[in-house]
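Listing of entry_34.txt, compact mmCIF, C-alpha atoms
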```txt
# COMPACT_ATOMS: atom_id res chain seq x y z
CA MET A 1 81.49 83.36 145.96
CA ILE A 2 84.83 85.13 146.38
CA ALA A 3 87.72 84.00 144.17
CA ILE A 4 90.79 84.13 146.44
CA LEU A 5 94.04 84.30 144.49
CA TYR A 6 96.43 84.55 147.44
CA GLU A 7 96.15 84.70 151.22
CA ASP A 8 98.36 84.59 154.30
CA ASN A 9 98.24 86.17 157.75
CA HIS A 10 98.95 89.65 156.38
CA LEU A 11 97.47 89.86 152.89
CA ILE A 12 94.56 88.62 150.81
CA ALA A 13 94.19 89.00 147.05
CA VAL A 14 90.90 88.42 145.27
CA ASN A 15 89.75 88.40 141.67
CA LYS A 16 87.29 91.30 141.55
CA PRO A 17 84.40 90.89 139.11
CA SER A 18 83.48 93.77 136.85
CA GLY A 19 80.80 96.08 138.20
CA ILE A 20 81.84 96.04 141.85
CA LEU A 21 83.52 99.00 143.53
CA VAL A 22 86.75 98.44 145.43
CA GLN A 23 85.88 101.04 148.06
CA GLY A 24 82.57 102.68 148.89
CA ASP A 25 81.36 105.86 147.22
CA SER A 26 78.26 108.06 147.05
CA THR A 27 76.22 105.33 145.31
CA GLY A 28 75.98 103.35 148.52
CA ASP A 29 76.67 100.11 146.63
CA LYS A 30 78.46 97.46 148.66
CA PRO A 31 82.16 97.54 147.74
CA MET A 32 84.64 94.68 147.46
CA VAL A 33 86.36 95.61 150.71
CA GLU A 34 83.12 95.08 152.65
CA ILE A 35 82.32 91.86 150.76
CA VAL A 36 85.72 90.42 151.67
CA LYS A 37 85.38 91.60 155.28
CA ASP A 38 82.06 89.78 155.59
CA PHE A 39 83.56 86.68 154.03
CA ILE A 40 86.50 86.60 156.47
CA LYS A 41 84.26 87.29 159.46
CA LYS A 42 81.97 84.39 158.58
CA ARG A 43 84.69 81.95 157.52
CA ASP A 44 86.93 82.57 160.52
CA GLU A 45 84.02 83.06 162.94
CA LYS A 46 85.42 86.37 164.14
CA PRO A 47 83.30 87.98 166.90
CA GLY A 48 84.50 91.55 166.39
CA ASN A 49 85.26 93.83 163.46
CA VAL A 50 87.57 92.58 160.73
CA PHE A 51 90.51 94.80 159.77
CA LEU A 52 90.96 95.05 156.01
CA GLY A 53 93.01 97.84 154.48
CA VAL A 54 92.57 99.05 150.91
CA ILE A 55 96.01 99.18 149.30
CA HIS A 56 95.11 100.06 145.69
CA ARG A 57 92.10 100.27 143.40
CA ILE A 58 90.94 99.42 139.91
CA ASP A 59 87.99 100.98 138.11
CA ARG A 60 84.49 99.65 138.77
CA PRO A 61 83.99 98.16 135.27
CA THR A 62 87.48 96.58 135.33
CA SER A 63 88.01 93.07 136.65
CA GLY A 64 91.07 91.40 138.14
CA ILE A 65 93.44 91.40 141.07
CA ILE A 66 92.81 93.49 144.15
CA LEU A 67 95.15 93.13 147.11
CA PHE A 68 93.98 93.95 150.64
CA ALA A 69 95.96 94.15 153.89
CA LYS A 70 94.80 92.09 156.86
CA THR A 71 97.12 93.88 159.29
CA SER A 72 98.07 97.52 159.81
CA LYS A 73 101.75 96.58 159.44
CA ALA A 74 101.14 95.08 156.02
CA LEU A 75 99.01 98.06 154.98
CA SER A 76 101.65 100.68 155.78
CA ARG A 77 104.44 98.66 154.20
CA MET A 78 102.47 97.87 151.04
CA ASN A 79 101.47 101.53 150.71
CA LYS A 80 105.17 102.35 150.79
CA LEU A 81 105.96 99.76 148.10
CA PHE A 82 103.24 101.17 145.83
CA ALA A 83 104.40 104.75 146.45
CA GLU A 84 107.98 103.76 145.59
CA LYS A 85 106.75 101.94 142.44
CA LYS A 86 108.15 98.64 143.63
CA VAL A 87 105.00 96.72 142.76
CA LYS A 88 104.88 95.37 139.19
CA LYS A 89 101.40 95.36 137.62
CA THR A 90 100.32 94.08 134.24
CA TYR A 91 96.93 94.43 132.60
CA TRP A 92 95.32 92.64 129.69
CA ALA A 93 93.13 94.80 127.46
CA VAL A 94 90.96 93.77 124.54
CA VAL A 95 90.80 96.76 122.21
CA GLU A 96 88.76 97.52 119.12
CA GLY A 97 90.67 97.21 115.87
CA ILE A 98 93.74 95.34 114.70
CA VAL A 99 96.79 96.91 116.32
CA ASP A 100 99.56 96.93 113.73
CA ARG A 101 102.56 97.74 115.94
CA GLU A 102 103.71 94.74 117.98
CA GLU A 103 104.73 96.95 120.90
CA GLN A 104 104.79 100.64 121.72
CA ARG A 105 105.54 103.12 124.46
CA LEU A 106 102.82 105.75 124.90
CA GLU A 107 103.56 109.05 126.60
CA HIS A 108 100.83 111.65 127.01
CA TYR A 109 99.70 114.33 129.41
CA LEU A 110 96.31 113.76 131.02
CA SER A 111 93.87 116.27 132.43
CA ARG A 112 91.13 114.96 134.72
CA ASN A 113 87.57 116.26 134.58
CA HIS A 114 86.11 115.42 138.00
CA LYS A 115 82.56 116.34 136.99
CA LEU A 116 82.61 113.87 134.09
CA ASN A 117 84.87 111.42 135.95
CA LYS A 118 87.00 111.23 132.83
CA SER A 119 90.59 111.95 131.79
CA PHE A 120 91.59 113.61 128.53
CA VAL A 121 94.89 113.72 126.65
CA THR A 122 95.95 117.35 126.63
CA ASN A 123 98.88 119.68 126.08
CA SER A 124 101.78 119.38 128.50
CA ASN A 125 101.46 123.08 129.28
CA SER A 126 97.87 122.73 130.44
CA ASP A 127 97.07 123.45 134.06
CA LYS A 128 97.20 120.35 136.27
CA ALA A 129 98.08 118.06 133.34
CA LYS A 130 100.00 114.99 134.51
CA LYS A 131 102.42 112.86 132.54
CA ALA A 132 101.17 109.35 131.76
CA VAL A 133 103.38 106.57 130.40
CA LEU A 134 102.47 103.01 129.48
CA TYR A 135 103.88 100.21 127.38
CA TYR A 136 101.86 97.69 125.43
CA GLN A 137 102.62 94.48 123.58
CA VAL A 138 100.23 92.62 121.28
CA LEU A 139 99.53 89.12 122.60
CA HIS A 140 96.82 87.97 120.19
CA ARG A 141 94.66 89.23 117.34
CA LEU A 142 91.07 88.35 116.54
CA LYS A 143 89.09 89.38 113.45
CA THR A 144 88.17 92.81 114.79
CA TYR A 145 89.92 93.00 118.18
CA SER A 146 93.43 92.84 119.59
CA LEU A 147 94.60 91.56 122.98
CA LEU A 148 97.27 93.75 124.56
CA GLU A 149 99.44 93.26 127.60
CA VAL A 150 99.84 96.67 129.22
CA LYS A 151 102.36 97.84 131.80
CA ILE A 152 102.01 101.28 133.35
CA GLU A 153 104.88 103.45 134.49
CA THR A 154 102.58 106.06 136.03
CA GLY A 155 99.30 105.51 137.86
CA ARG A 156 96.98 108.19 136.50
CA HIS A 157 93.20 108.32 136.59
CA HIS A 158 91.77 106.13 133.79
CA GLN A 159 95.23 106.11 132.24
CA ILE A 160 95.01 102.92 130.18
CA ARG A 161 91.48 103.68 129.03
CA SER A 162 92.21 107.25 127.93
CA GLN A 163 95.59 106.62 126.32
CA LEU A 164 94.46 103.64 124.25
CA SER A 165 91.34 105.52 123.18
CA HIS A 166 93.49 108.48 122.13
CA ILE A 167 95.45 106.32 119.67
CA GLN A 168 92.15 105.01 118.23
CA TYR A 169 92.15 101.65 119.99
CA PRO A 170 89.46 102.00 122.68
CA ILE A 171 88.93 99.15 125.12
CA LYS A 172 86.04 96.91 124.11
CA GLY A 173 82.84 97.92 125.90
CA ASP A 174 84.23 101.20 127.22
CA LEU A 175 81.55 103.63 126.04
CA LYS A 176 83.05 106.43 128.14
CA TYR A 177 86.20 106.24 126.02
CA SER A 178 84.72 105.87 122.52
CA SER A 179 84.00 102.14 122.29
CA LYS A 180 81.38 101.49 119.61
CA ARG A 181 79.11 99.33 121.76
CA SER A 182 78.73 98.10 125.32
CA ASN A 183 79.51 94.60 126.53
CA SER A 184 76.49 92.48 127.40
CA ASP A 185 77.44 92.48 131.10
CA LYS A 186 78.27 96.23 131.12
CA SER A 187 81.93 95.46 131.78
CA ILE A 188 84.91 96.84 129.92
CA SER A 189 87.40 94.30 128.58
CA LEU A 190 90.24 95.34 130.87
CA LEU A 191 91.74 92.87 133.34
CA ALA A 192 94.25 93.48 136.13
CA LYS A 193 96.20 90.32 135.25
CA THR A 194 99.30 90.07 137.44
CA LEU A 195 100.76 91.65 140.56
CA ALA A 196 104.35 91.04 141.69
CA PHE A 197 106.07 92.38 144.81
CA THR A 198 108.30 91.56 147.73
CA HIS A 199 106.18 90.44 150.68
CA PRO A 200 106.17 93.27 153.26
CA VAL A 201 106.71 90.93 156.22
CA SER A 202 108.33 87.68 155.03
CA GLY A 203 110.48 89.25 152.31
CA LYS A 204 109.51 86.51 149.85
CA GLU A 205 108.90 87.32 146.19
CA ILE A 206 105.18 87.05 145.46
CA GLU A 207 103.52 86.92 142.05
CA ILE A 208 99.73 86.73 141.78
CA GLU A 209 97.84 86.03 138.58
CA ALA A 210 94.14 86.43 137.80
CA ASP A 211 92.23 83.97 135.66
CA LEU A 212 90.44 85.29 132.59
CA PRO A 213 86.74 86.11 132.95
CA HIS A 214 84.29 83.52 131.61
CA THR A 215 82.33 86.12 129.69
CA ASP A 216 82.11 87.78 126.33
CA VAL A 217 85.25 87.97 124.19
CA TRP A 218 87.35 86.46 126.98
CA LYS A 219 85.83 83.04 126.19
CA ILE A 220 87.21 83.24 122.66
CA ILE A 221 90.61 84.42 123.86
CA ARG A 222 90.74 81.64 126.46
CA ARG A 223 90.01 79.07 123.73
CA ASP A 224 92.52 80.53 121.27
CA LEU A 225 95.34 80.78 123.81
CA ALA A 226 94.70 77.22 125.02
CA ALA A 227 94.90 75.99 121.42
CA GLN A 228 98.33 77.59 121.06
CA LEU A 229 99.80 75.62 123.96
```
Final structure tokens representation of the file:
Amino acid sequence: MIAILYEDNHLIAVNKPSGILVQGDSTGDKPMVEIVKDFIKKRDEKPGNVFLGVIHRIDRPTSGIILFAKTSKALSRMNKLFAEKKVKKTYWAVVEGIVDREEQRLEHYLSRNHKLNKSFVTNSNSDKAKKAVLYYQVLHRLKTYSLLEVKIETGRHHQIRSQLSHIQYPIKGDLKYSSKRSNSDKSISLLAKTLAFTHPVSGKEIEIEADLPHTDVWKIIRRDLAAQL
């Protein structure tokens, strides 16, 4: 069952579960874009192919908002908004350890190893190193974990995962970036939480929010945050 967070004639946003690719790769596993295409085709009883453009991506083990374009006009205009950094994205990350600083700006240079599919913090003078900037704020603390709200200024490969790991706060379940143990569902505790932008056709201000997963540590966070209301 697909969790639709927003839909109109031009766009559709879904809450992607962890473990599903956004777009196909060499594994041959069915990606989210094809799952949503099949859903629309069946629901709307479309006889031909369904157009669905991939606007952006999140990592396979990450869950949360993915926005697709249902028209070529929306696709080109949304691509422009992303390129011009006019789309505001926030992530929620559960990290190992108790983060002492309430908020912080992190600036590093990242070097990507394609063979390992991993990014490393490196010297700014290194070949092909790219500047990565994010901001985090502590939203909640558990006994051994912290919940951070993260906003990225740059969109680098595995940026949030590598930068938080570098400062000794790896994302829960992220074995690739030094987490102590895996999550039971093989996810990492990183959620694409909100997406805000000006609609490419109507001009209206749109803000989309993903619900928290019903798994693992998110159950505890959901309970604690509800108790605070």
Original post:
For the atom pair atom CA of A:Asn9 and atom CA of A:Lys73, what is the interatomic distance in Å to one decimal place?
Top reply: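 Between atom CA of A:Asn9 and atom CA of A:Lys73 the gap works out to 11.1 Å.
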Original post:
Hey, what's within 9 Å of A:Ser162 if we count all atoms listed in the file and toss same-chain stuff fewer than 5 positions away? As a list of chain:residue names, please?
Top reply: A:Leu110, A:Lys118, A:Ser119, A:Phe120, A:Val121, A:His157, A:Ile167, A:Pro170, A:Tyr177
Put those residues in a file: C-alpha atoms, as a PDB file, keeping the file's coordinate frame.
```pdb
ATOM      1  CA  LEU A 110      96.310 113.760 131.020  1.00  0.00           C
ATOM      2  CA  LYS A 118      87.000 111.230 132.830  1.00  0.00           C
ATOM      3  CA  SER A 119      90.590 111.950 131.790  1.00  0.00           C
ATOM      4  CA  PHE A 120      91.590 113.610 128.530  1.00  0.00           C
ATOM      5  CA  VAL A 121      94.890 113.720 126.650  1.00  0.00           C
ATOM      6  CA  HIS A 157      93.200 108.320 136.590  1.00  0.00           C
ATOM      7  CA  ILE A 167      95.450 106.320 119.670  1.00  0.00           C
ATOM      8  CA  PRO A 170      89.460 102.000 122.680  1.00  0.00           C
ATOM      9  CA  TYR A 177      86.200 106.240 126.020  1.00  0.00           C
TER      10      TYR A 177
END
```
Original post:
atom CA of A:Val14 and atom CA of A:Val36, how far apart in Å?
Top reply: 8.5 Å
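Taking only C-alpha atoms into account, A:Ile12 lies nearest to A:Lys37 out of the set A:His114, A:Arg161, A:Lys37, A:Arg223.
Take the candidates A:Ala93, A:Ile40, A:Ile220, A:Ile206 and check each one against A:Gln137 using only C-alpha atoms; the shortest distance goes to A:Ala93.
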**OP:** Give me the residues within 8 Å of A:Ile66 as JSON, numbers by chain, counting all atoms listed in the file and dropping any in the same chain fewer than 3 places off.
**Re:** {"A": [13, 14, 15, 16, 22, 56, 57, 58]}
Subject >> Separation of atom CA of A:Leu148 from atom CA of A:Tyr169, in Å and rounded to one decimal >> reply: 10.5 Å
**OP:** Compile the contact shell of stretch 97-107 of chain A as number ranges by chain: residues with an atom at most 12 Å away, counting all atoms listed in the file, same-chain residues fewer than 2 positions apart removed.
**Re:** A: 93-95, 109-110, 121-124, 130-154, 156, 159-160, 162-172, 179-180
For the selection you just gave me, I'd like the residues written to a file as a PDB file, in the frame of the given file, keeping C-alpha atoms.
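Once everything was written out, this is selection_37.pdb:
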```pdb
ATOM      1  CA  ALA A  93      93.130  94.800 127.460  1.00  0.00           C
ATOM      2  CA  VAL A  94      90.960  93.770 124.540  1.00  0.00           C
ATOM      3  CA  VAL A  95      90.800  96.760 122.210  1.00  0.00           C
ATOM      4  CA  TYR A 109      99.700 114.330 129.410  1.00  0.00           C
ATOM      5  CA  LEU A 110      96.310 113.760 131.020  1.00  0.00           C
ATOM      6  CA  VAL A 121      94.890 113.720 126.650  1.00  0.00           C
ATOM      7  CA  THR A 122      95.950 117.350 126.630  1.00  0.00           C
ATOM      8  CA  ASN A 123      98.880 119.680 126.080  1.00  0.00           C
ATOM      9  CA  SER A 124     101.780 119.380 128.500  1.00  0.00           C
ATOM     10  CA  LYS A 130     100.000 114.990 134.510  1.00  0.00           C
ATOM     11  CA  LYS A 131     102.420 112.860 132.540  1.00  0.00           C
ATOM     12  CA  ALA A 132     101.170 109.350 131.760  1.00  0.00           C
ATOM     13  CA  VAL A 133     103.380 106.570 130.400  1.00  0.00           C
ATOM     14  CA  LEU A 134     102.470 103.010 129.480  1.00  0.00           C
ATOM     15  CA  TYR A 135     103.880 100.210 127.380  1.00  0.00           C
ATOM     16  CA  TYR A 136     101.860  97.690 125.430  1.00  0.00           C
ATOM     17  CA  GLN A 137     102.620  94.480 123.580  1.00  0.00           C
ATOM     18  CA  VAL A 138     100.230  92.620 121.280  1.00  0.00           C
ATOM     19  CA  LEU A 139      99.530  89.120 122.600  1.00  0.00           C
ATOM     20  CA  HIS A 140      96.820  87.970 120.190  1.00  0.00           C
ATOM     21  CA  ARG A 141      94.660  89.230 117.340  1.00  0.00           C
ATOM     22  CA  LEU A 142      91.070  88.350 116.540  1.00  0.00           C
ATOM     23  CA  LYS A 143      89.090  89.380 113.450  1.00  0.00           C
ATOM     24  CA  THR A 144      88.170  92.810 114.790  1.00  0.00           C
ATOM     25  CA  TYR A 145      89.920  93.000 118.180  1.00  0.00           C
ATOM     26  CA  SER A 146      93.430  92.840 119.590  1.00  0.00           C
ATOM     27  CA  LEU A 147      94.600  91.560 122.980  1.00  0.00           C
ATOM     28  CA  LEU A 148      97.270  93.750 124.560  1.00  0.00           C
ATOM     29  CA  GLU A 149      99.440  93.260 127.600  1.00  0.00           C
ATOM     30  CA  VAL A 150      99.840  96.670 129.220  1.00  0.00           C
ATOM     31  CA  LYS A 151     102.360  97.840 131.800  1.00  0.00           C
ATOM     32  CA  ILE A 152     102.010 101.280 133.350  1.00  0.00           C
ATOM     33  CA  GLU A 153     104.880 103.450 134.490  1.00  0.00           C
ATOM     34  CA  THR A 154     102.580 106.060 136.030  1.00  0.00           C
ATOM     35  CA  ARG A 156      96.980 108.190 136.500  1.00  0.00           C
ATOM     36  CA  GLN A 159      95.230 106.110 132.240  1.00  0.00           C
ATOM     37  CA  ILE A 160      95.010 102.920 130.180  1.00  0.00           C
ATOM     38  CA  SER A 162      92.210 107.250 127.930  1.00  0.00           C
ATOM     39  CA  GLN A 163      95.590 106.620 126.320  1.00  0.00           C
ATOM     40  CA  LEU A 164      94.460 103.640 124.250  1.00  0.00           C
ATOM     41  CA  SER A 165      91.340 105.520 123.180  1.00  0.00           C
ATOM     42  CA  HIS A 166      93.490 108.480 122.130  1.00  0.00           C
ATOM     43  CA  ILE A 167      95.450 106.320 119.670  1.00  0.00           C
ATOM     44  CA  GLN A 168      92.150 105.010 118.230  1.00  0.00           C
ATOM     45  CA  TYR A 169      92.150 101.650 119.990  1.00  0.00           C
ATOM     46  CA  PRO A 170      89.460 102.000 122.680  1.00  0.00           C
ATOM     47  CA  ILE A 171      88.930  99.150 125.120  1.00  0.00           C
ATOM     48  CA  LYS A 172      86.040  96.910 124.110  1.00  0.00           C
ATOM     49  CA  SER A 179      84.000 102.140 122.290  1.00  0.00           C
ATOM     50  CA  LYS A 180      81.380 101.490 119.610  1.00  0.00           C
TER      51      LYS A 180
END
```
**OP:** Identify, on the basis of only C-alpha atoms, every residue whose closest approach to A:Pro213 does not exceed 9 Å; exclude the query and any residue fewer than 5 positions from it along the same chain; express the result as number ranges by chain.
**Re:** A: 17, 63-64, 191, 218-219, 222
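Using all atoms listed in the file, the nearest neighbour of A:Lys86 within the list A:Ser18, A:Thr198, A:Asn183, A:Asn117 is A:Thr198.
Checking A:Ile2, A:Ile65, A:Leu52, A:Leu75 one by one against A:Asp211, counting all atoms listed in the file, you find the shortest gap at A:Ile65.
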